[in-house]
Amino acid sequence: MITRFQTRAFLLCFVPFSVLLAGSFWMIHRHVQTTVRDGLLTSMRENQNSIARIHAKSDLENNRFLKVAGENAALKAGMQLLLQYPDSATASRTVEDQLRELCEHMGFDLLLVSAGDGRPMAGVVRQAGQGQADRGQLVPMDISVLGRRTAGLFLLEGNIFQVASVPVGANEENLGILSVGEIFNFSEFATPAVLVHEGTVIKSNLAGVSFQELNSALGTCGGTAECDFQLQGAKWISVPMQSYGGGYVLRSLENVDLATAPVESRLHSLFLSLTFACVLVALLCSVLASRSIVKPIDAVVSHLRNAASTGVLPEFEGDPSSIMEIRELAEIYDRAALSVRASGEDLQRAYFEFVGSLANALDARDRYTSGHSQRVSELSCAVATAMQLDPVHVERIRIGALLHDIGKIGVSDSVLQKPGRLTDEEFALVKEHPVIGRRILEGVKGFANYLGAVELHHENWDGTGYPKRQKGEETPIDARIIHVSDAYDAMTTDRSYRRGMTHERAIAIIVENAGIQFDPHIVDVFIHLPREVLMQHAQSHEAAADLERPRLAVAV
């Protein structure tokens with residue numbers, strides 16, 4: 001029970017601290033993740049602004065070029081001719097040659113002239129080269145696949161072009177629109193990015209990630225909204241960097257888990273060290289706290305358990321604990337122990353007086369048996385002490401011997417005090433006194449320990465005794481000791497029908513019946529008692545008559 005209480009006390013001390021520690025670490029971990037994410041988001045927004053400024057600067061430069069190019073007289077003449085003869089191949093080739101020359105001179109990848117309503121008329125585009133040094137040749141553009149858009153992003157022949165436009169006029173007449181474009185190069189972005197068209201990823205610089213995975217992950221993101229998403233088991237965030245119109249949106253991506261990994265690694269190492277130290281401290285504190293609570297309680301419980309087993313309520317020696325409540329408990333226990341011990345002593349005195357009164361009342365019925373119970377009690381205690389039985393057992397034998405003949409209260413005086421030999425019927429009545437004695441005493445709880453001595457003190461070693469005809473050690477040792485002492489006192493004292501035997505005669509008969517009527521070991525102890533202990537009970541004259549049963553010691 002104490003072990004379970006100590007375990008509970010330990011858990012009550014340790015578990016809340018551990019939960020608090022784990023909760024604190026979890027909150028710190030979450031705070032770190034949130035801080036890193038916010039930092040990444042801030043960085044991405046700054047990057048977004050930087051790219052917007054770069055694009056604005058690039059658009060400004062392109063506009064300047066376009067204005068200069070738009071003032072080209074040859075280009076204006078070609079556009080006028082193309083407007084007059086839209087189906088003329090010559091006019092188209094003339095404009096394409098002019099566009100190719102301008103494009104080669106300025107280093108652009110696309111030049112396009114369109115009518116005022118945005119309808120494309122002619123253009124050139126750079127084919128993909130064979131290597132980095134080879135930018136490819138400028139070839140006529142297939143304008144049939146183009147729409148009426150003149151700015152933003154174009155998807156053309158597998159390449160994405162970023163296009164800017166400016167109107168071209170002559171003599172206040174709007175001849176059309178001139179558009180210039182460059183290949184949209186993802187290698188310019190140092191961070192992961194994707195180009196989305198109408199909610200579908202069409203270009204990405206993420207290695208090892210398919211467009212299908214990206215589309216599935218970004219499905220929850222709005223077109224121009226910041227969002228969090230899961231990609232290949234990792235946490236990511238996405239910020240729209242640039243919107244180009246026509247459903248084209250450039251989004252930057254950041255792997256939050258990858259960004260927080262170095263910090264989390266250091267935090268994990270720090271957390272492990274702190275956890276080990278804190279758990280060790282918590283463990284020691286919990287053990288000490290539980291012991292400080294349980295140890296004094298264990299002492300009190302042990303004290304009470306010993307008191308329960310011995311029936312004695314000793315007081316505590318010194319202070320059992322420094323805990324005030326336990327000291328108060330011990331003080332209350334000490335006061336209760338004193339009160340119970342005093343009451344027990346009073347009850348014991350009354351009990352002994354009652355037992356003595358019973359024995360005296362029994363002996364007073366016959367002047368020949370006066371003092372018999374007291375003498376048998378003294379002889380039995382002498383034997384028990386010589387056998388080195390414990391004091392508690394000796395005291396039990398003393399009381400049992402005083403009460404051993406209490407059943408004779410139920411036998412009539414005409415039988416007990418008959419001067420001559422008893423008839424078989426009368427002897428049968430006398431043999432009932434052990435059973436009568438048990439019936440008298442078994443109704444009182446305080447006499448429970450003496451019932452065996454009262455009922456069985458006439459059982460013989462060989463099984464010929466009464467009332468249960470028990471053999472050997474089936475009979476309790478209390479009854480076997482009283483049996484020898486009872487026989488000796490009966491033989492050495494005068495009775496109404498005979499005179500008492502000498503000490504030597506009685507001892508001889510007892511030795512002769514060892515192993516038959518008496519326990520041989522008890523007989524051996526009895527005959528080796530100091531002579532003065534036995535002689536003070538023997539009378540100095542020999543019996544005038546022989547025993548009632550030849551060669552058997554008789555004690556009724």
# chains A, B, ... in the order shown; residues from 1 in each chain; ligands from 1
$ select_by_dssp --residues "stretch 144-294 of chain A" --states "alpha helix (DSSP H)" --output "MDAnalysis selection string"
chainID A and resid 211:217 256:294
$ residues_around --residues "stretch 435-439 of chain A" --least-positions-apart "4" --cutoff "9 Å" --atoms "only C-alpha atoms" --output "number ranges by chain"
A: 403-411, 431, 443, 450-452, 454-456, 467
$ residues_around --residues "stretch 249-256 of chain A" --least-positions-apart "3" --cutoff "7 Å" --atoms "only C-alpha atoms" --output "PyMOL selection string"
chain A and resi 37+191-197+235-244+259-260
$ residues_around --residues "stretch 152-162 of chain A" --least-positions-apart "2" --cutoff "7 Å" --atoms "only C-alpha atoms" --output "ChimeraX atom specification"
/A:164,181-184,244-245
$ atom_distance --atom1 "atom CA of A:Thr94" --atom2 "atom CA of A:Asp142"
15.7 Å
$ residues_around --residues "A:Gly465" --least-positions-apart "6" --cutoff "9 Å" --atoms "only C-alpha atoms" --output "VMD selection string"
chain A and resid 456 458 to 459 471 517
$ atom_distance --atom1 "atom CA of A:Ile507" --atom2 "atom CA of A:Phe526"
9.0 Å
$ atom_distance --atom1 "atom CA of A:Ser24" --atom2 "atom CA of A:Phe271"
10.4 Å
$ decode --residues "stretch 385-397 of chain A" --atoms "all heavy atoms" --output "PDB file, in the first residue's frame"
ATOM      1  N   THR A 385       7.725 -22.757  30.991  1.00  0.00           N
ATOM      2  CA  THR A 385       8.939 -21.934  31.071  1.00  0.00           C
ATOM      3  C   THR A 385      10.173 -22.785  30.818  1.00  0.00           C
ATOM      4  O   THR A 385      11.103 -22.372  30.111  1.00  0.00           O
ATOM      5  CB  THR A 385       9.024 -21.246  32.434  1.00  0.00           C
ATOM      6  OG1 THR A 385       7.845 -20.447  32.631  1.00  0.00           O
ATOM      7  CG2 THR A 385      10.266 -20.370  32.530  1.00  0.00           C
ATOM      8  N   ALA A 386      10.195 -24.004  31.392  1.00  0.00           N
ATOM      9  CA  ALA A 386      11.328 -24.903  31.174  1.00  0.00           C
ATOM     10  C   ALA A 386      11.434 -25.322  29.710  1.00  0.00           C
ATOM     11  O   ALA A 386      12.539 -25.590  29.220  1.00  0.00           O
ATOM     12  CB  ALA A 386      11.182 -26.135  32.078  1.00  0.00           C
ATOM     13  N   MET A 387      10.303 -25.357  28.990  1.00  0.00           N
ATOM     14  CA  MET A 387      10.321 -25.693  27.564  1.00  0.00           C
ATOM     15  C   MET A 387      10.652 -24.476  26.693  1.00  0.00           C
ATOM     16  O   MET A 387      10.651 -24.559  25.466  1.00  0.00           O
ATOM     17  CB  MET A 387       8.957 -26.259  27.141  1.00  0.00           C
ATOM     18  CG  MET A 387       8.627 -27.604  27.789  1.00  0.00           C
ATOM     19  SD  MET A 387       6.983 -28.223  27.339  1.00  0.00           S
ATOM     20  CE  MET A 387       7.222 -28.583  25.611  1.00  0.00           C
ATOM     21  N   GLN A 388      10.905 -23.328  27.357  1.00  0.00           N
ATOM     22  CA  GLN A 388      11.321 -22.088  26.692  1.00  0.00           C
ATOM     23  C   GLN A 388      10.249 -21.570  25.726  1.00  0.00           C
ATOM     24  O   GLN A 388      10.555 -21.027  24.666  1.00  0.00           O
ATOM     25  CB  GLN A 388      12.649 -22.274  25.947  1.00  0.00           C
ATOM     26  CG  GLN A 388      13.804 -22.628  26.874  1.00  0.00           C
ATOM     27  CD  GLN A 388      15.137 -22.741  26.134  1.00  0.00           C
ATOM     28  OE1 GLN A 388      15.182 -22.819  24.917  1.00  0.00           O
ATOM     29  NE2 GLN A 388      16.222 -22.757  26.898  1.00  0.00           N
ATOM     30  N   LEU A 389       8.993 -21.754  26.122  1.00  0.00           N
ATOM     31  CA  LEU A 389       7.923 -21.130  25.347  1.00  0.00           C
ATOM     32  C   LEU A 389       7.932 -19.627  25.617  1.00  0.00           C
ATOM     33  O   LEU A 389       8.385 -19.165  26.667  1.00  0.00           O
ATOM     34  CB  LEU A 389       6.569 -21.728  25.728  1.00  0.00           C
ATOM     35  CG  LEU A 389       6.408 -23.240  25.502  1.00  0.00           C
ATOM     36  CD1 LEU A 389       4.992 -23.691  25.867  1.00  0.00           C
ATOM     37  CD2 LEU A 389       6.710 -23.616  24.052  1.00  0.00           C
ATOM     38  N   ASP A 390       7.406 -18.853  24.676  1.00  0.00           N
ATOM     39  CA  ASP A 390       7.447 -17.392  24.829  1.00  0.00           C
ATOM     40  C   ASP A 390       6.481 -16.972  25.940  1.00  0.00           C
ATOM     41  O   ASP A 390       5.523 -17.677  26.270  1.00  0.00           O
ATOM     42  CB  ASP A 390       7.077 -16.697  23.519  1.00  0.00           C
ATOM     43  CG  ASP A 390       5.673 -17.008  23.059  1.00  0.00           C
ATOM     44  OD1 ASP A 390       4.727 -16.354  23.547  1.00  0.00           O
ATOM     45  OD2 ASP A 390       5.517 -17.918  22.213  1.00  0.00           O
ATOM     46  N   PRO A 391       6.748 -15.820  26.535  1.00  0.00           N
ATOM     47  CA  PRO A 391       5.940 -15.377  27.691  1.00  0.00           C
ATOM     48  C   PRO A 391       4.451 -15.291  27.397  1.00  0.00           C
ATOM     49  O   PRO A 391       3.633 -15.563  28.284  1.00  0.00           O
ATOM     50  CB  PRO A 391       6.524 -13.995  28.016  1.00  0.00           C
ATOM     51  CG  PRO A 391       7.934 -14.043  27.495  1.00  0.00           C
ATOM     52  CD  PRO A 391       7.881 -14.909  26.276  1.00  0.00           C
ATOM     53  N   VAL A 392       4.088 -14.899  26.215  1.00  0.00           N
ATOM     54  CA  VAL A 392       2.666 -14.806  25.873  1.00  0.00           C
ATOM     55  C   VAL A 392       2.022 -16.191  25.940  1.00  0.00           C
ATOM     56  O   VAL A 392       0.899 -16.360  26.446  1.00  0.00           O
ATOM     57  CB  VAL A 392       2.490 -14.184  24.464  1.00  0.00           C
ATOM     58  CG1 VAL A 392       1.011 -14.204  24.044  1.00  0.00           C
ATOM     59  CG2 VAL A 392       3.015 -12.756  24.445  1.00  0.00           C
ATOM     60  N   HIS A 393       2.734 -17.205  25.437  1.00  0.00           N
ATOM     61  CA  HIS A 393       2.230 -18.580  25.467  1.00  0.00           C
ATOM     62  C   HIS A 393       2.154 -19.096  26.908  1.00  0.00           C
ATOM     63  O   HIS A 393       1.182 -19.785  27.286  1.00  0.00           O
ATOM     64  CB  HIS A 393       3.144 -19.475  24.630  1.00  0.00           C
ATOM     65  CG  HIS A 393       2.503 -20.763  24.214  1.00  0.00           C
ATOM     66  ND1 HIS A 393       3.042 -21.609  23.282  1.00  0.00           N
ATOM     67  CD2 HIS A 393       1.349 -21.364  24.629  1.00  0.00           C
ATOM     68  CE1 HIS A 393       2.275 -22.661  23.136  1.00  0.00           C
ATOM     69  NE2 HIS A 393       1.230 -22.539  23.950  1.00  0.00           N
ATOM     70  N   VAL A 394       3.128 -18.762  27.712  1.00  0.00           N
ATOM     71  CA  VAL A 394       3.120 -19.188  29.123  1.00  0.00           C
ATOM     72  C   VAL A 394       1.910 -18.603  29.835  1.00  0.00           C
ATOM     73  O   VAL A 394       1.228 -19.288  30.621  1.00  0.00           O
ATOM     74  CB  VAL A 394       4.435 -18.759  29.813  1.00  0.00           C
ATOM     75  CG1 VAL A 394       4.364 -19.048  31.321  1.00  0.00           C
ATOM     76  CG2 VAL A 394       5.628 -19.488  29.202  1.00  0.00           C
ATOM     77  N   GLU A 395       1.627 -17.312  29.543  1.00  0.00           N
ATOM     78  CA  GLU A 395       0.478 -16.670  30.185  1.00  0.00           C
ATOM     79  C   GLU A 395      -0.824 -17.330  29.737  1.00  0.00           C
ATOM     80  O   GLU A 395      -1.752 -17.512  30.543  1.00  0.00           O
ATOM     81  CB  GLU A 395       0.476 -15.180  29.813  1.00  0.00           C
ATOM     82  CG  GLU A 395      -0.694 -14.388  30.357  1.00  0.00           C
ATOM     83  CD  GLU A 395      -0.714 -14.316  31.879  1.00  0.00           C
ATOM     84  OE1 GLU A 395       0.313 -14.661  32.522  1.00  0.00           O
ATOM     85  OE2 GLU A 395      -1.760 -13.928  32.434  1.00  0.00           O
ATOM     86  N   ARG A 396      -0.886 -17.740  28.481  1.00  0.00           N
ATOM     87  CA  ARG A 396      -2.088 -18.421  27.994  1.00  0.00           C
ATOM     88  C   ARG A 396      -2.276 -19.765  28.717  1.00  0.00           C
ATOM     89  O   ARG A 396      -3.398 -20.148  29.060  1.00  0.00           O
ATOM     90  CB  ARG A 396      -1.974 -18.642  26.488  1.00  0.00           C
ATOM     91  CG  ARG A 396      -3.258 -19.123  25.836  1.00  0.00           C
ATOM     92  CD  ARG A 396      -3.087 -19.213  24.340  1.00  0.00           C
ATOM     93  NE  ARG A 396      -2.285 -20.382  23.975  1.00  0.00           N
ATOM     94  CZ  ARG A 396      -1.762 -20.575  22.762  1.00  0.00           C
ATOM     95  NH1 ARG A 396      -1.924 -19.652  21.820  1.00  0.00           N
ATOM     96  NH2 ARG A 396      -1.062 -21.675  22.499  1.00  0.00           N
ATOM     97  N   ILE A 397      -1.176 -20.477  28.930  1.00  0.00           N
ATOM     98  CA  ILE A 397      -1.261 -21.767  29.638  1.00  0.00           C
ATOM     99  C   ILE A 397      -1.676 -21.543  31.089  1.00  0.00           C
ATOM    100  O   ILE A 397      -2.453 -22.327  31.660  1.00  0.00           O
ATOM    101  CB  ILE A 397       0.096 -22.491  29.541  1.00  0.00           C
ATOM    102  CG1 ILE A 397       0.333 -22.947  28.087  1.00  0.00           C
ATOM    103  CG2 ILE A 397       0.155 -23.679  30.497  1.00  0.00           C
ATOM    104  CD1 ILE A 397       1.694 -23.542  27.837  1.00  0.00           C
TER     105      ILE A 397
END
